[in-house]
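J.: A single structure is presented below for examination.
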Amino acid sequence: MIARDSLTSVVLPVYNEAACIAVVLDELQSVLANAGGRFEIVLVDDGSTDGTRPLLEAFCRRRPSGTRLLALGANTGQSAAFWAGIQASRGDIIVLMDADGQNDPADIARCAAALETADICCGYRRHRQDSFSKRVGSRLANRLRRAVLKDPVIDTGCSLKAFRAAVIRPLQYWDGMHRFLPVLASLQGARLVQLPVGHRARLAGKSKYTNFGRLLRTVRDLFGVRWLMQRTRRFTVVPVADGDA
């Protein structure tokens, strides 16, 4: 059960999004202000070089309460940025989303509310506003994951996800982990639900990934996660005798 006054942390990794980040954050702030409940925004600048950092700082000055900004010393990747934000967050619920405007912040409250009966809520994108090649690549990646990992997540590329903090904060960092967070948490018994969420065209800029590069990383990491799954054992310990010393 989630307490009514629980804090929800919304974590956004940001890298070279100067063309759109101000609009994204203004919309996010407006949606959260009208959503009810308690929220904090955790921004992680992943070594931006295009003027993103001053825009993030300006947003934090305008909204000093409930906004936090972290900066990585150099561009380290989305997994590192997500992990840094997760570890710095203070909420009982942690919501992850992209900073390019494609995720609809109106879905945040729905995903967080779904954790009343689950530990993880994964969004899956309806009417994706991406190129044909990107959609085809995602379908292939999803099918490969289901074949190798028996992964039940419908849309593994959708960044909009909500977690109970207790199931995600203990996870150890490794490069590429953000693509497998639901699988990694489920190894410890976390319960999963999935919800359809909105998806929009990029406001500006371009994706930091190529389809081929994403596929190569996914294939490499898939078999590492499979190895981990095969060696993970859940067990219980029953005290039989507990005499005082």
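In the structure tokens, chains take the letters A, B, ... in the order shown, each chain's residues start at 1, and ligands count up from 1 in the order shown.
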Apply DSSP to the backbone of this structure and, from region 21-230 of chain A, keep only the residues in strand (DSSP E); write these as a PyMOL selection string.

T.: chain A and resi 38-45+67-71+93-96+120-125+161-164+192-197

J.: Pro105 (chain A): which residues within 8 Å, counting only C-alpha atoms, same-chain residues fewer than 5 positions away excluded, as an MDAnalysis selection string?

T.: chainID A and resid 27:28 31:32

J.: Take the residues from that selection and put them in a file with C-alpha atoms, as an mmCIF file, in the first residue's frame.

T.:
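Dumped to part25.cif:
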```cif
data_model
loop_
_atom_site.group_PDB
_atom_site.id
_atom_site.type_symbol
_atom_site.label_atom_id
_atom_site.label_comp_id
_atom_site.auth_asym_id
_atom_site.auth_seq_id
_atom_site.Cartn_x
_atom_site.Cartn_y
_atom_site.Cartn_z
ATOM 1 C CA GLU A 27 4.919 21.435 -19.409
ATOM 2 C CA LEU A 28 6.112 18.930 -16.807
ATOM 3 C CA VAL A 31 1.131 18.930 -15.248
ATOM 4 C CA LEU A 32 2.577 17.986 -11.859
#
```

J.: So, with only C-alpha atoms as the atoms that count, which of A:Ala185, A:Ala162, A:Asp46, A:Thr232 lies closest to Gln78 (chain A)?

T.: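 For Gln78 (chain A), the nearest of the given residues is A:Asp46.
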
J.: Near region 12-19 of chain A, counting only C-alpha atoms, which residues have an atom at most 7 Å away, once you skip same-chain residues fewer than 5 positions from it, shown as a list in words?

T.: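 The residues satisfying every condition are Val42, Leu43, Val44, Asp45, Asp46, Gly47, Ser48, Thr49, Asp50, Gly51, Thr52, Gln78, Ala81, Phe82, Leu96, Met97, Asp98, Ala99, Asp100, Ala204 and Gly205 of chain A.
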
J.: Go through region 39-155 of chain A residue by residue and, counting only C-alpha atoms, keep those with an atom at most 10 Å from region 215-226 of chain A; for each kept residue give the shortest atom pair and its distance in Å to one decimal, ordered by chain and increasing number, as CSV.

T.:
```
residue,atom,partner,partner_atom,distance
A:Gly137,CA,A:Leu215,CA,7.6
A:Ser138,CA,A:Leu215,CA,8.8
A:Leu140,CA,A:Leu215,CA,8.9
A:Ala141,CA,A:Leu215,CA,7.0
A:Asn142,CA,A:Thr218,CA,10.0
A:Leu144,CA,A:Val219,CA,8.3
A:Arg145,CA,A:Leu222,CA,7.0
A:Val148,CA,A:Arg226,CA,7.1
A:Leu149,CA,A:Arg226,CA,6.0
A:Lys150,CA,A:Arg226,CA,9.6
```
